[in-house]
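Shown next: final33.cif, given as mmCIF, C-alpha atoms.
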data_entry
#
loop_
_atom_site.group_PDB
_atom_site.id
_atom_site.type_symbol
_atom_site.label_atom_id
_atom_site.label_comp_id
_atom_site.auth_asym_id
_atom_site.auth_seq_id
_atom_site.Cartn_x
_atom_site.Cartn_y
_atom_site.Cartn_z
ATOM 1 C CA MET A 290 0.022 16.622 -21.064
ATOM 2 C CA LEU A 291 0.544 13.383 -22.998
ATOM 3 C CA LYS A 292 3.457 12.490 -20.732
ATOM 4 C CA ILE A 293 1.310 13.025 -17.640
ATOM 5 C CA ILE A 294 -1.441 10.781 -19.054
ATOM 6 C CA LEU A 295 1.165 8.138 -19.920
ATOM 7 C CA VAL A 296 2.601 8.172 -16.388
ATOM 8 C CA ILE A 297 -0.909 7.957 -14.896
ATOM 9 C CA LEU A 298 -1.839 4.977 -17.063
ATOM 10 C CA ILE A 299 1.428 3.114 -16.515
ATOM 11 C CA GLY A 300 1.291 3.647 -12.744
ATOM 12 C CA TYR A 301 -2.370 2.697 -12.512
ATOM 13 C CA PHE A 302 -2.108 -0.491 -14.557
ATOM 14 C CA LEU A 303 1.052 -1.565 -12.751
ATOM 15 C CA GLY A 304 -0.991 -1.210 -9.585
ATOM 16 C CA ASN A 305 -3.668 -3.437 -11.145
ATOM 17 C CA ILE A 306 -1.279 -6.403 -11.080
ATOM 18 C CA SER A 307 -2.618 -8.032 -7.909
ATOM 19 C CA SER A 308 -0.043 -10.625 -6.898
ATOM 20 C CA SER A 309 -2.155 -12.056 -4.059
ATOM 21 C CA TYR A 310 -5.083 -12.584 -6.427
ATOM 22 C CA TYR A 311 -3.087 -14.265 -9.205
ATOM 23 C CA LEU A 312 -0.894 -16.306 -6.861
ATOM 24 C CA GLY A 313 -3.994 -17.385 -4.958
ATOM 25 C CA LYS A 314 -5.711 -18.460 -8.161
ATOM 26 C CA ILE A 315 -2.676 -20.312 -9.519
ATOM 27 C CA LEU A 316 -1.193 -21.850 -6.369
ATOM 28 C CA GLY A 317 -4.075 -21.831 -3.895
ATOM 29 C CA LYS A 318 -6.948 -22.353 -6.339
ATOM 30 C CA LYS A 319 -8.917 -19.641 -4.532
ATOM 31 C CA ASP A 320 -9.999 -16.055 -5.053
ATOM 32 C CA ILE A 321 -8.441 -14.372 -2.032
ATOM 33 C CA ARG A 322 -11.204 -11.747 -2.108
ATOM 34 C CA GLU A 323 -13.723 -14.437 -1.129
ATOM 35 C CA HIS A 324 -11.820 -15.547 1.964
ATOM 36 C CA GLY A 325 -10.578 -14.050 5.223
ATOM 37 C CA SER A 326 -11.015 -10.294 5.278
ATOM 38 C CA GLY A 327 -11.710 -10.211 1.540
ATOM 39 C CA ASN A 328 -8.699 -7.986 1.018
ATOM 40 C CA ALA A 329 -6.264 -8.711 -1.833
ATOM 41 C CA GLY A 330 -3.122 -7.939 0.147
ATOM 42 C CA THR A 331 -0.237 -9.406 2.118
ATOM 43 C CA THR A 332 -1.917 -9.795 5.520
ATOM 44 C CA ASN A 333 -4.916 -11.626 4.105
ATOM 45 C CA ALA A 334 -2.634 -13.729 1.906
ATOM 46 C CA LEU A 335 -0.858 -14.811 5.100
ATOM 47 C CA ARG A 336 -4.166 -15.746 6.722
ATOM 48 C CA VAL A 337 -5.604 -17.553 3.709
ATOM 49 C CA PHE A 338 -2.584 -19.113 1.986
ATOM 50 C CA GLY A 339 0.289 -19.024 4.464
ATOM 51 C CA ALA A 340 3.712 -17.416 4.675
ATOM 52 C CA LYS A 341 5.132 -18.437 1.280
ATOM 53 C CA ILE A 342 2.467 -16.744 -0.838
ATOM 54 C CA ALA A 343 2.317 -13.806 1.601
ATOM 55 C CA VAL A 344 6.047 -13.107 1.220
ATOM 56 C CA ILE A 345 5.872 -13.333 -2.574
ATOM 57 C CA THR A 346 2.842 -11.027 -2.518
ATOM 58 C CA LEU A 347 4.721 -8.500 -0.396
ATOM 59 C CA ILE A 348 7.726 -8.530 -2.733
ATOM 60 C CA PHE A 349 5.642 -8.059 -5.872
ATOM 61 C CA ASP A 350 3.507 -5.304 -4.314
ATOM 62 C CA ILE A 351 6.678 -3.444 -3.356
ATOM 63 C CA LEU A 352 8.230 -3.994 -6.790
ATOM 64 C CA LYS A 353 5.294 -2.608 -8.733
ATOM 65 C CA GLY A 354 5.362 0.579 -6.672
ATOM 66 C CA ALA A 355 9.093 0.944 -7.218
ATOM 67 C CA ILE A 356 8.759 0.309 -10.966
ATOM 68 C CA ALA A 357 5.976 2.901 -11.243
ATOM 69 C CA ILE A 358 8.266 5.429 -9.554
ATOM 70 C CA LEU A 359 11.199 4.616 -11.826
ATOM 71 C CA ILE A 360 9.162 4.844 -15.018
ATOM 72 C CA GLY A 361 7.397 8.017 -13.875
ATOM 73 C CA SER A 362 10.722 9.589 -12.990
ATOM 74 C CA TYR A 363 12.231 8.635 -16.359
ATOM 75 C CA ILE A 364 9.318 10.160 -18.273
ATOM 76 C CA LEU A 365 8.570 13.241 -16.164
ATOM 77 C CA GLY A 366 11.237 13.667 -13.492
ATOM 78 C CA ASP A 367 10.328 14.139 -9.820
ATOM 79 C CA THR A 368 6.737 15.073 -10.646
ATOM 80 C CA GLY A 369 6.404 11.893 -12.684
ATOM 81 C CA ALA A 370 7.703 9.839 -9.768
ATOM 82 C CA ILE A 371 5.012 11.246 -7.484
ATOM 83 C CA ILE A 372 2.222 10.828 -10.057
ATOM 84 C CA GLY A 373 3.331 7.300 -10.964
ATOM 85 C CA GLY A 374 3.638 6.244 -7.335
ATOM 86 C CA LEU A 375 0.241 7.626 -6.347
ATOM 87 C CA CYS A 376 -1.430 6.009 -9.360
ATOM 88 C CA ALA A 377 0.178 2.651 -8.555
ATOM 89 C CA VAL A 378 -1.416 2.756 -5.092
ATOM 90 C CA ILE A 379 -4.782 3.755 -6.569
ATOM 91 C CA GLY A 380 -4.483 0.952 -9.128
ATOM 92 C CA HIS A 381 -3.705 -1.554 -6.385
ATOM 93 C CA ASP A 382 -6.633 -0.425 -4.238
ATOM 94 C CA TRP A 383 -9.177 -0.023 -7.043
ATOM 95 C CA PRO A 384 -8.042 -2.222 -9.975
ATOM 96 C CA VAL A 385 -10.299 -1.990 -13.024
ATOM 97 C CA LEU A 386 -9.022 -5.416 -14.125
ATOM 98 C CA LEU A 387 -10.497 -6.959 -10.959
ATOM 99 C CA GLY A 388 -13.750 -5.034 -10.840
ATOM 100 C CA PHE A 389 -12.240 -2.290 -8.630
ATOM 101 C CA LYS A 390 -11.925 -4.755 -5.734
ATOM 102 C CA GLY A 391 -8.278 -4.738 -4.671
ATOM 103 C CA GLY A 392 -6.119 -4.423 -1.597
ATOM 104 C CA LYS A 393 -5.304 -1.639 0.826
ATOM 105 C CA GLY A 394 -2.024 -0.588 -0.725
ATOM 106 C CA ILE A 395 0.246 -0.507 2.317
ATOM 107 C CA ALA A 396 3.182 -2.400 0.774
ATOM 108 C CA THR A 397 2.933 -0.396 -2.439
ATOM 109 C CA THR A 398 2.641 2.845 -0.465
ATOM 110 C CA ILE A 399 5.756 1.961 1.538
ATOM 111 C CA ALA A 400 7.653 1.283 -1.692
ATOM 112 C CA VAL A 401 6.754 4.577 -3.340
ATOM 113 C CA VAL A 402 7.503 6.647 -0.229
ATOM 114 C CA ILE A 403 10.846 4.904 0.322
ATOM 115 C CA ALA A 404 11.763 5.606 -3.294
ATOM 116 C CA ILE A 405 11.039 9.338 -2.938
ATOM 117 C CA GLU A 406 11.759 10.195 0.719
ATOM 118 C CA PRO A 407 13.343 7.202 2.482
ATOM 119 C CA ILE A 408 13.851 8.897 5.866
ATOM 120 C CA VAL A 409 10.164 9.797 6.134
ATOM 121 C CA ALA A 410 9.217 6.254 5.141
ATOM 122 C CA ILE A 411 11.608 4.597 7.593
ATOM 123 C CA ILE A 412 10.326 6.642 10.550
ATOM 124 C CA CYS A 413 6.710 5.734 9.758
ATOM 125 C CA ILE A 414 7.612 2.084 9.169
ATOM 126 C CA ILE A 415 9.423 1.824 12.502
ATOM 127 C CA ILE A 416 6.436 3.306 14.357
ATOM 128 C CA GLY A 417 4.019 1.019 12.524
ATOM 129 C CA VAL A 418 6.115 -2.125 13.088
ATOM 130 C CA LEU A 419 6.562 -1.364 16.796
ATOM 131 C CA LEU A 420 2.793 -1.027 17.143
ATOM 132 C CA ILE A 421 2.246 -4.324 15.328
ATOM 133 C CA ILE A 422 4.787 -6.084 17.564
ATOM 134 C CA LYS A 423 3.193 -4.603 20.682
ATOM 135 C CA THR A 424 -0.482 -5.124 19.807
ATOM 136 C CA LYS A 425 -0.425 -7.864 17.103
ATOM 137 C CA TYR A 426 -2.821 -5.696 15.090
ATOM 138 C CA VAL A 427 -1.410 -5.213 11.583
ATOM 139 C CA SER A 428 -4.222 -2.803 10.734
ATOM 140 C CA LEU A 429 -3.441 -0.560 13.718
ATOM 141 C CA GLY A 430 0.232 -0.329 12.807
ATOM 142 C CA SER A 431 -0.657 0.311 9.175
ATOM 143 C CA VAL A 432 -3.195 3.050 9.918
ATOM 144 C CA VAL A 433 -1.001 4.852 12.438
ATOM 145 C CA GLY A 434 2.106 4.590 10.274
ATOM 146 C CA MET A 435 0.303 5.899 7.187
ATOM 147 C CA SER A 436 -1.523 8.604 9.145
ATOM 148 C CA LEU A 437 1.818 9.972 10.295
ATOM 149 C CA LEU A 438 3.237 10.308 6.764
ATOM 150 C CA PRO A 439 2.269 13.957 6.172
ATOM 151 C CA ILE A 440 3.117 14.921 9.766
ATOM 152 C CA VAL A 441 6.562 13.315 9.629
ATOM 153 C CA SER A 442 7.201 14.986 6.278
ATOM 154 C CA ILE A 443 6.568 18.409 7.877
ATOM 155 C CA VAL A 444 8.941 17.656 10.764
ATOM 156 C CA VAL A 445 11.738 16.004 8.773
ATOM 157 C CA LEU A 446 11.912 17.713 5.394
ATOM 158 C CA ARG A 447 13.790 20.992 5.232
ATOM 159 C CA PRO A 448 12.849 23.139 3.481
ATOM 160 C CA PHE A 449 9.169 22.271 3.608
ATOM 161 C CA ASP A 450 8.204 20.347 0.473
ATOM 162 C CA LEU A 451 4.580 21.166 -0.390
ATOM 163 C CA ARG A 452 4.497 18.735 -3.325
ATOM 164 C CA PHE A 453 5.628 15.800 -1.208
ATOM 165 C CA PHE A 454 3.339 16.863 1.651
ATOM 166 C CA MET A 455 0.303 16.741 -0.676
ATOM 167 C CA PHE A 456 1.485 13.366 -1.982
ATOM 168 C CA ALA A 457 1.884 12.032 1.576
ATOM 169 C CA LEU A 458 -1.502 13.468 2.588
ATOM 170 C CA ALA A 459 -3.215 11.761 -0.364
ATOM 171 C CA LEU A 460 -1.601 8.419 0.505
ATOM 172 C CA SER A 461 -2.582 8.856 4.149
ATOM 173 C CA VAL A 462 -6.224 9.609 3.319
ATOM 174 C CA ILE A 463 -6.401 6.609 0.964
ATOM 175 C CA ALA A 464 -4.919 4.286 3.608
ATOM 176 C CA ILE A 465 -7.315 5.474 6.319
ATOM 177 C CA TYR A 466 -10.304 5.169 3.963
ATOM 178 C CA LYS A 467 -9.334 1.641 2.901
ATOM 179 C CA HIS A 468 -8.956 0.647 6.564
ATOM 180 C CA ARG A 469 -12.290 2.116 7.690
ATOM 181 C CA GLY A 470 -13.685 -1.389 8.354
ATOM 182 C CA ASN A 471 -10.584 -2.313 10.363
ATOM 183 C CA ILE A 472 -10.853 0.903 12.365
ATOM 184 C CA SER A 473 -14.476 0.094 13.188
ATOM 185 C CA ARG A 474 -13.540 -3.437 14.311
ATOM 186 C CA LEU A 475 -10.612 -2.123 16.355
ATOM 187 C CA LEU A 476 -12.923 0.246 18.202
ATOM 188 C CA LYS A 477 -15.318 -2.656 18.881
ATOM 189 C CA GLY A 478 -12.512 -5.031 19.904
ATOM 190 C CA LYS A 479 -13.350 -7.408 17.057
ATOM 191 C CA GLU A 480 -10.295 -7.016 14.827
ATOM 192 C CA SER A 481 -8.256 -10.159 14.048
ATOM 193 C CA LYS A 482 -4.709 -10.232 15.378
ATOM 194 C CA LEU A 483 -1.575 -11.256 13.505
ATOM 195 C CA GLY A 484 -1.334 -15.034 13.213
ATOM 196 C CA HIS A 485 -5.088 -15.540 13.099
ATOM 197 C CA LYS A 486 -6.016 -18.038 10.400
ATOM 198 C CA ALA A 487 -8.888 -17.369 8.004
#
Translate this structure into structure tokens?
Amino acid sequence: MLKIILVILIGYFLGNISSSYYLGKILGKKDIREHGSGNAGTTNALRVFGAKIAVITLIFDILKGAIAILIGSYILGDTGAIIGGLCAVIGHDWPVLLGFKGGKGIATTIAVVIAIEPIVAIICIIIGVLLIIKTKYVSLGSVVGMSLLPIVSIVVLRPFDLRFFMFALALSVIAIYKHRGNISRLLKGKESKLGHKA
């Protein structure tokens, strides 16, 4: 039980390290959550601060997910990897250190899924990226790609892995919930496209 709590705490607080927020404060002299979409993530970093900070944000958000997986795996094996990865995403989306106002966790989600089931992740990433290229809506590609995670896991993984399916389902639900505003704007035709400046 103590090991589980340790993995949860490590994963969650790794997720709390919001690179877009700290980079924005240090380099851009702004709180990213007060500009653009208000989201502390890569896409909004691109809109508010430009490509340099956005790329660094993406790298750090991926790294923290990967580190959470590695530490969780070291402490508690495969189960620890799943718990650590999920908690890193939750920590990114709802960081206690930033008043529970974080990002949407797509980069971190991609990192943790790649670390555990790379084929499932790659399929969902390809679908999401193709949608973004076609429509210029990052949110649409993100929502569709994440929504397909549990479905792709059923199709690809043999034998069926219930533990990973539940993990993928949880990540999918979180991603859809965090994008509920984007989904509403997409339906109304008011969502910002890639390249739009804040």
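Taking atom CA of A:Ile351 and atom CA of A:Leu451 as endpoints, the distance between them is 24.9 Å.
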Which is closer to A:Leu375 than all the others in A:Gly300, A:Pro448, A:Gly391, A:Pro407, using only C-alpha atoms? A:Gly300
Between atom CA of A:Asn333 and atom CA of A:Ile358, what is the spacing in Å? 25.5 Å
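Among the candidates A:Gly380, A:Gly373, A:Gly330, A:Gly434, the residue lying nearest to A:Ile415 is A:Gly434 (atoms considered: only C-alpha atoms).
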Taking (3.7, 0.7, -10.3) in the coordinates of the supplied file, I want to know which residues reach to within 6 Å of it, counting only C-alpha atoms; could you give the answer as number ranges by chain? A: 300, 303-304, 353-354, 356-357, 377
Result set, the PyMOL selection byres ((chain A and resi 324-329) around 10) on current file, as a VMD selection string: chain A and resid 307 to 311 313 319 to 323 330 to 338 346 381 to 382 390 to 394 467 470 to 471 481 485 to 487
With distances taken over only C-alpha atoms, which of A:Leu359, A:Ile306, A:Ala410, A:Ile440 is nearest to A:Leu386? A:Ile306
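As for atom CA of A:Cys376 and atom CA of A:Tyr301, they are spaced 4.7 Å apart.
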As lines of an AutoDock Vina configuration file, please report the centre and edge lengths, rounded to one decimal in Å, of the axis-aligned box that holds all listed atoms of stretch 323-333 of chain A with 5 Å of padding on each of the six sides.
center_x = -7.0
center_y = -11.7
center_z = 1.8
size_x = 23.5
size_y = 17.6
size_z = 17.4
I'd like to know which of A:Ala340, A:Ile395, A:Leu312, A:Ile472 is closest to A:Cys413, using all atoms listed in the file. A:Ile395
Residue nearest A:Lys423 - candidates A:Ile372, A:Leu365, A:Val441, A:Leu483, atoms counted: all atoms listed in the file: A:Leu483
Output check: residues returned by the PyMOL selection byres ((chain A and resi 464) around 9), as JSON, numbers by chain: {"A": [393, 394, 395, 398, 431, 432, 435, 436, 459, 460, 461, 462, 463, 465, 466, 467, 468, 469]}
Any idea what's packed within 8 Å of A:Ala400, counting only C-alpha atoms, ignoring anything in its chain fewer than 3 positions away? Could you give it as a list in words? Ile351, Leu352, Gly354, Ala355, Ala396, Thr397, Ile403 and Ala404 of chain A
Would you mind telling me which residue in A:Ile297, A:Ile371, A:Ile360, A:Leu316 lies nearest to A:Glu406 when using all atoms listed in the file? A:Ile371
Check what the PyMOL selection byres ((chain A and resi 452) around 12) selects in the file above and give those residues as a PyMOL selection string. chain A and resi 367-372+405-406+439+442-443+446+448-451+453-459
Write the residues of the selection above to a file with C-alpha atoms, as a PDB file, keeping the file's coordinate frame.
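Just written: out.pdb:
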ATOM      1  CA  ASP A 367      10.328  14.139  -9.820  1.00  0.00           C
ATOM      2  CA  THR A 368       6.737  15.073 -10.646  1.00  0.00           C
ATOM      3  CA  GLY A 369       6.404  11.893 -12.684  1.00  0.00           C
ATOM      4  CA  ALA A 370       7.703   9.839  -9.768  1.00  0.00           C
ATOM      5  CA  ILE A 371       5.012  11.246  -7.484  1.00  0.00           C
ATOM      6  CA  ILE A 372       2.222  10.828 -10.057  1.00  0.00           C
ATOM      7  CA  ILE A 405      11.039   9.338  -2.938  1.00  0.00           C
ATOM      8  CA  GLU A 406      11.759  10.195   0.719  1.00  0.00           C
ATOM      9  CA  PRO A 439       2.269  13.957   6.172  1.00  0.00           C
ATOM     10  CA  SER A 442       7.201  14.986   6.278  1.00  0.00           C
ATOM     11  CA  ILE A 443       6.568  18.409   7.877  1.00  0.00           C
ATOM     12  CA  LEU A 446      11.912  17.713   5.394  1.00  0.00           C
ATOM     13  CA  PRO A 448      12.849  23.139   3.481  1.00  0.00           C
ATOM     14  CA  PHE A 449       9.169  22.271   3.608  1.00  0.00           C
ATOM     15  CA  ASP A 450       8.204  20.347   0.473  1.00  0.00           C
ATOM     16  CA  LEU A 451       4.580  21.166  -0.390  1.00  0.00           C
ATOM     17  CA  PHE A 453       5.628  15.800  -1.208  1.00  0.00           C
ATOM     18  CA  PHE A 454       3.339  16.863   1.651  1.00  0.00           C
ATOM     19  CA  MET A 455       0.303  16.741  -0.676  1.00  0.00           C
ATOM     20  CA  PHE A 456       1.485  13.366  -1.982  1.00  0.00           C
ATOM     21  CA  ALA A 457       1.884  12.032   1.576  1.00  0.00           C
ATOM     22  CA  LEU A 458      -1.502  13.468   2.588  1.00  0.00           C
ATOM     23  CA  ALA A 459      -3.215  11.761  -0.364  1.00  0.00           C
TER      24      ALA A 459
END
